[in-house]
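Below is the file structure-v7.json, which contains JSON, C-alpha atoms.
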[["chain", "number", "residue", "atom", "x", "y", "z"],
["A", 60, "MET", "CA", 0.00, 0.00, 0.00],
["A", 61, "SER", "CA", 1.43, 3.39, -0.95],
["A", 62, "GLU", "CA", 2.13, 6.11, 1.59],
["A", 63, "SER", "CA", -0.55, 8.44, 0.10],
["A", 64, "THR", "CA", -3.19, 5.68, 0.33],
["A", 65, "LYS", "CA", -2.32, 5.12, 4.02],
["A", 66, "ASN", "CA", -2.55, 8.87, 4.73],
["A", 67, "SER", "CA", -5.90, 9.11, 2.93],
["A", 68, "LYS", "CA", -7.36, 6.20, 4.95],
["A", 69, "ASN", "CA", -6.01, 7.67, 8.20],
["A", 70, "THR", "CA", -7.56, 11.05, 7.37],
["A", 71, "THR", "CA", -10.90, 9.41, 6.57],
["A", 72, "ASN", "CA", -10.81, 7.45, 9.84],
["A", 73, "ILE", "CA", -10.02, 10.59, 11.84],
["A", 74, "ILE", "CA", -12.88, 12.50, 10.19],
["A", 75, "LEU", "CA", -15.31, 9.65, 10.96],
["A", 76, "ILE", "CA", -14.20, 9.53, 14.59],
["A", 77, "VAL", "CA", -14.61, 13.30, 14.97],
["A", 78, "LEU", "CA", -18.08, 13.15, 13.41],
["A", 79, "ILE", "CA", -19.14, 10.30, 15.68],
["A", 80, "VAL", "CA", -17.90, 12.18, 18.75],
["A", 81, "LEU", "CA", -19.78, 15.31, 17.66],
["A", 82, "LEU", "CA", -22.97, 13.31, 17.13],
["A", 83, "LEU", "CA", -22.64, 11.65, 20.54],
["A", 84, "LEU", "CA", -22.12, 15.02, 22.21],
["A", 85, "GLY", "CA", -25.14, 16.51, 20.40],
["A", 86, "GLY", "CA", -23.04, 18.96, 18.45],
["A", 87, "ALA", "CA", -24.05, 20.45, 15.14],
["A", 88, "PHE", "CA", -21.68, 20.51, 12.22],
["A", 89, "TYR", "CA", -21.50, 21.15, 8.49],
["A", 90, "LEU", "CA", -20.08, 18.76, 5.98],
["A", 91, "VAL", "CA", -18.04, 20.34, 3.23],
["A", 92, "SER", "CA", -18.24, 18.54, -0.07],
["A", 93, "ALA", "CA", -15.18, 17.18, -1.87],
["A", 94, "ASN", "CA", -14.86, 20.37, -3.89],
["A", 95, "ASN", "CA", -14.67, 22.40, -0.64],
["A", 96, "SER", "CA", -17.81, 24.35, -1.40],
["A", 97, "ALA", "CA", -19.77, 25.70, 1.54],
["A", 98, "PRO", "CA", -23.15, 24.17, 2.38],
["A", 99, "GLU", "CA", -26.21, 25.76, 0.84],
["A", 100, "GLU", "CA", -27.63, 28.65, 2.81],
["A", 101, "THR", "CA", -30.99, 28.10, 4.36],
["A", 102, "VAL", "CA", -33.61, 30.82, 4.29],
["A", 103, "PRO", "CA", -34.87, 31.71, 7.76],
["A", 104, "PRO", "CA", -38.64, 31.56, 8.29],
["A", 105, "ALA", "CA", -40.55, 34.72, 7.44],
["A", 106, "GLU", "CA", -40.95, 37.08, 10.35],
["A", 107, "THR", "CA", -44.39, 38.01, 11.56],
["A", 108, "LEU", "CA", -44.76, 41.73, 11.09],
["A", 109, "ILE", "CA", -46.29, 43.50, 14.05],
["A", 110, "PRO", "CA", -47.42, 47.03, 13.39],
["A", 111, "GLU", "CA", -45.80, 49.68, 15.57],
["A", 112, "ILE", "CA", -49.22, 51.23, 16.18],
["A", 113, "VAL", "CA", -52.27, 49.06, 16.62],
["A", 114, "PRO", "CA", -55.58, 50.53, 15.38],
["A", 115, "SER", "CA", -57.91, 51.58, 18.16],
["A", 116, "ILE", "CA", -61.20, 53.39, 18.67],
["A", 117, "THR", "CA", -61.98, 55.89, 21.42],
["A", 118, "ILE", "CA", -65.62, 56.54, 22.25],
["A", 119, "GLY", "CA", -66.51, 60.21, 22.55],
["A", 120, "ALA", "CA", -69.99, 61.66, 23.00],
["A", 121, "VAL", "CA", -73.04, 59.39, 22.93],
["A", 122, "GLU", "CA", -76.56, 60.68, 22.37],
["A", 123, "THR", "CA", -78.61, 57.72, 23.59],
["A", 124, "GLY", "CA", -80.43, 55.95, 20.77],
["A", 125, "VAL", "CA", -79.34, 58.65, 18.29],
["A", 126, "SER", "CA", -75.59, 58.89, 17.62],
["A", 127, "VAL", "CA", -72.06, 58.22, 18.79],
["A", 128, "THR", "CA", -68.88, 60.18, 18.11],
["A", 129, "VAL", "CA", -65.66, 58.17, 17.86],
["A", 130, "SER", "CA", -62.01, 58.87, 17.25],
["A", 131, "ALA", "CA", -59.67, 56.32, 15.73],
["A", 132, "GLN", "CA", -55.90, 56.11, 15.42],
["A", 133, "GLY", "CA", -53.35, 53.62, 14.14],
["A", 134, "PHE", "CA", -54.98, 53.04, 10.75],
["A", 135, "PRO", "CA", -53.12, 53.51, 7.45],
["A", 136, "ALA", "CA", -52.95, 57.10, 6.20],
["A", 137, "ASP", "CA", -55.59, 58.38, 3.79],
["A", 138, "THR", "CA", -57.64, 55.18, 4.02],
["A", 139, "GLU", "CA", -61.40, 54.88, 3.78],
["A", 140, "LEU", "CA", -62.84, 53.13, 6.83],
["A", 141, "THR", "CA", -66.24, 51.47, 6.97],
["A", 142, "ALA", "CA", -68.10, 51.84, 10.27],
["A", 143, "LYS", "CA", -70.42, 49.07, 11.46],
["A", 144, "MET", "CA", -72.54, 48.62, 14.58],
["A", 145, "ASP", "CA", -74.01, 45.53, 16.22],
["A", 146, "LYS", "CA", -75.10, 44.20, 19.60],
["A", 147, "GLU", "CA", -72.59, 44.16, 22.45],
["A", 148, "ASP", "CA", -71.74, 40.43, 22.31],
["A", 149, "THR", "CA", -70.20, 40.63, 18.81],
["A", 150, "ASP", "CA", -67.17, 42.21, 17.15],
["A", 151, "ALA", "CA", -69.60, 43.88, 14.66],
["A", 152, "SER", "CA", -67.82, 42.29, 11.67],
["A", 153, "SER", "CA", -71.28, 41.37, 10.32],
["A", 154, "GLY", "CA", -72.95, 44.44, 11.76],
["A", 155, "ILE", "CA", -75.02, 47.17, 10.17],
["A", 156, "GLU", "CA", -72.98, 49.58, 8.05],
["A", 157, "VAL", "CA", -73.46, 53.10, 9.39],
["A", 158, "GLY", "CA", -71.00, 55.15, 7.34],
["A", 159, "LYS", "CA", -67.60, 55.63, 5.80],
["A", 160, "THR", "CA", -64.85, 58.02, 6.85],
["A", 161, "THR", "CA", -61.31, 58.59, 5.54],
["A", 162, "THR", "CA", -58.30, 58.83, 7.84],
["A", 163, "ASP", "CA", -55.95, 61.77, 7.57],
["A", 164, "GLU", "CA", -52.26, 61.62, 6.60],
["A", 165, "THR", "CA", -51.39, 60.26, 10.06],
["A", 166, "GLY", "CA", -54.04, 57.50, 10.12],
["A", 167, "VAL", "CA", -56.35, 59.36, 12.50],
["A", 168, "MET", "CA", -60.04, 60.24, 12.14],
["A", 169, "THR", "CA", -63.02, 61.50, 14.13],
["A", 170, "ALA", "CA", -66.64, 61.04, 13.06],
["A", 171, "THR", "CA", -70.19, 60.92, 14.35],
["A", 172, "TYR", "CA", -72.40, 58.01, 13.29],
["A", 173, "THR", "CA", -76.14, 57.56, 13.61],
["A", 174, "ILE", "CA", -77.19, 54.58, 15.71],
["A", 175, "PRO", "CA", -79.40, 52.32, 13.54],
["A", 176, "ALA", "CA", -83.06, 52.00, 14.62],
["A", 177, "GLU", "CA", -82.51, 48.24, 15.10],
["A", 178, "LEU", "CA", -79.98, 49.00, 17.86],
["A", 179, "ALA", "CA", -81.46, 52.18, 19.35],
["A", 180, "GLU", "CA", -82.93, 50.31, 22.35],
["A", 181, "GLU", "CA", -79.77, 48.29, 23.13],
["A", 182, "SER", "CA", -78.03, 49.30, 26.37],
["A", 183, "ARG", "CA", -74.55, 48.54, 24.94],
["A", 184, "ILE", "CA", -73.48, 48.61, 21.30],
["A", 185, "THR", "CA", -70.31, 47.49, 19.50],
["A", 186, "ILE", "CA", -68.84, 49.79, 16.87],
["A", 187, "ARG", "CA", -66.24, 48.58, 14.39],
["A", 188, "LEU", "CA", -64.03, 50.41, 11.89],
["A", 189, "GLU", "CA", -62.36, 48.43, 9.12],
["A", 190, "GLY", "CA", -60.44, 49.10, 5.95],
["A", 191, "GLY", "CA", -57.08, 49.26, 4.29],
["A", 192, "ALA", "CA", -55.08, 46.02, 4.11],
["A", 193, "GLY", "CA", -57.14, 44.22, 6.73],
["A", 194, "TYR", "CA", -56.84, 46.81, 9.49],
["A", 195, "TRP", "CA", -59.75, 46.91, 11.92],
["A", 196, "ALA", "CA", -60.69, 47.78, 15.49],
["A", 197, "PHE", "CA", -63.81, 47.69, 17.59],
["A", 198, "ASN", "CA", -65.04, 49.09, 20.88],
["A", 199, "ILE", "CA", -68.22, 48.89, 22.96],
["A", 200, "PHE", "CA", -70.15, 51.89, 24.22],
["A", 201, "ASP", "CA", -73.00, 52.49, 26.64],
["A", 202, "ASN", "CA", -76.06, 53.71, 24.77]]

Translate this structure into structure tokens?
Amino acid sequence: MSESTKNSKNTTNIILIVLIVLLLLGGAFYLVSANNSAPEETVPPAETLIPEIVPSITIGAVETGVSVTVSAQGFPADTELTAKMDKEDTDASSGIEVGKTTTDETGVMTATYTIPAELAEESRITIRLEGGAGYWAFNIFDN
């Protein structure tokens, strides 16, 4: 057996021993192919984007059975929002549409909406604003 063949077998045996030891110790390692190229890069999982400002609704004045004034912030700028109302025990996503309002350049708006006759006698009402890339918020007010 030639000297280079002995060296090659010894090197292979040493590599196998090192790999076995690493596996037994729970270590992670990369194998480099014969042409010494690096392993393929893996793409990390997509990050969940969390908005810096979460849309919210603040209840202002309420005229019982007649109207409610709300302010909203955290929506996209210059976006038309649809306002809906429903009974207290819902998020009003399937509620009665009561109007549309557009946010300003900072994503803020204030508007007064008429309470629908179907909800005028309810003691508590949910109001929801939705629009623009799936943004929405709801709040409950005393009627």

Exercise for review: Write out as a PyMOL selection string each polymer residue whose atoms come within 12 Å of Ile155 (chain A), counting only C-alpha atoms; drop sequence neighbours fewer than 4 positions from it.
Suggested key: chain A and resi 141-146+149-151+172-178+184-188

Exercise for review: Name all residues at most 6 Å from region 157-168 of chain A (count only C-alpha atoms; drop same-chain ones fewer than 5 positions away) and give them as a list in words.
Suggested key: Ser130, Ala131, Gln132, Gly133, Phe134, Pro135, Ala136, Asp137, Thr138, Glu139, Leu140, Thr141, Ala142 and Lys143 of chain A

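One finds CA of Glu181 (chain A) at 8.7 Å from CA of Asp201 (chain A).
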
Exercise for review: Calculate how many Å separate CA of Val121 (chain A) from CA of Arg183 (chain A), rounding to one decimal.
Suggested key: 11.1 Å

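For the atom pair formed by CA of Ala196 (chain A) and CA of Ser115 (chain A), the distance is 5.4 Å, given to one decimal.
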
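Of the listed residues A:Glu189, A:Thr123, A:Val113, A:Tyr194, the one whose atoms come nearest to Glu156 (chain A) is A:Glu189, with distances taken using all atoms listed in the file.
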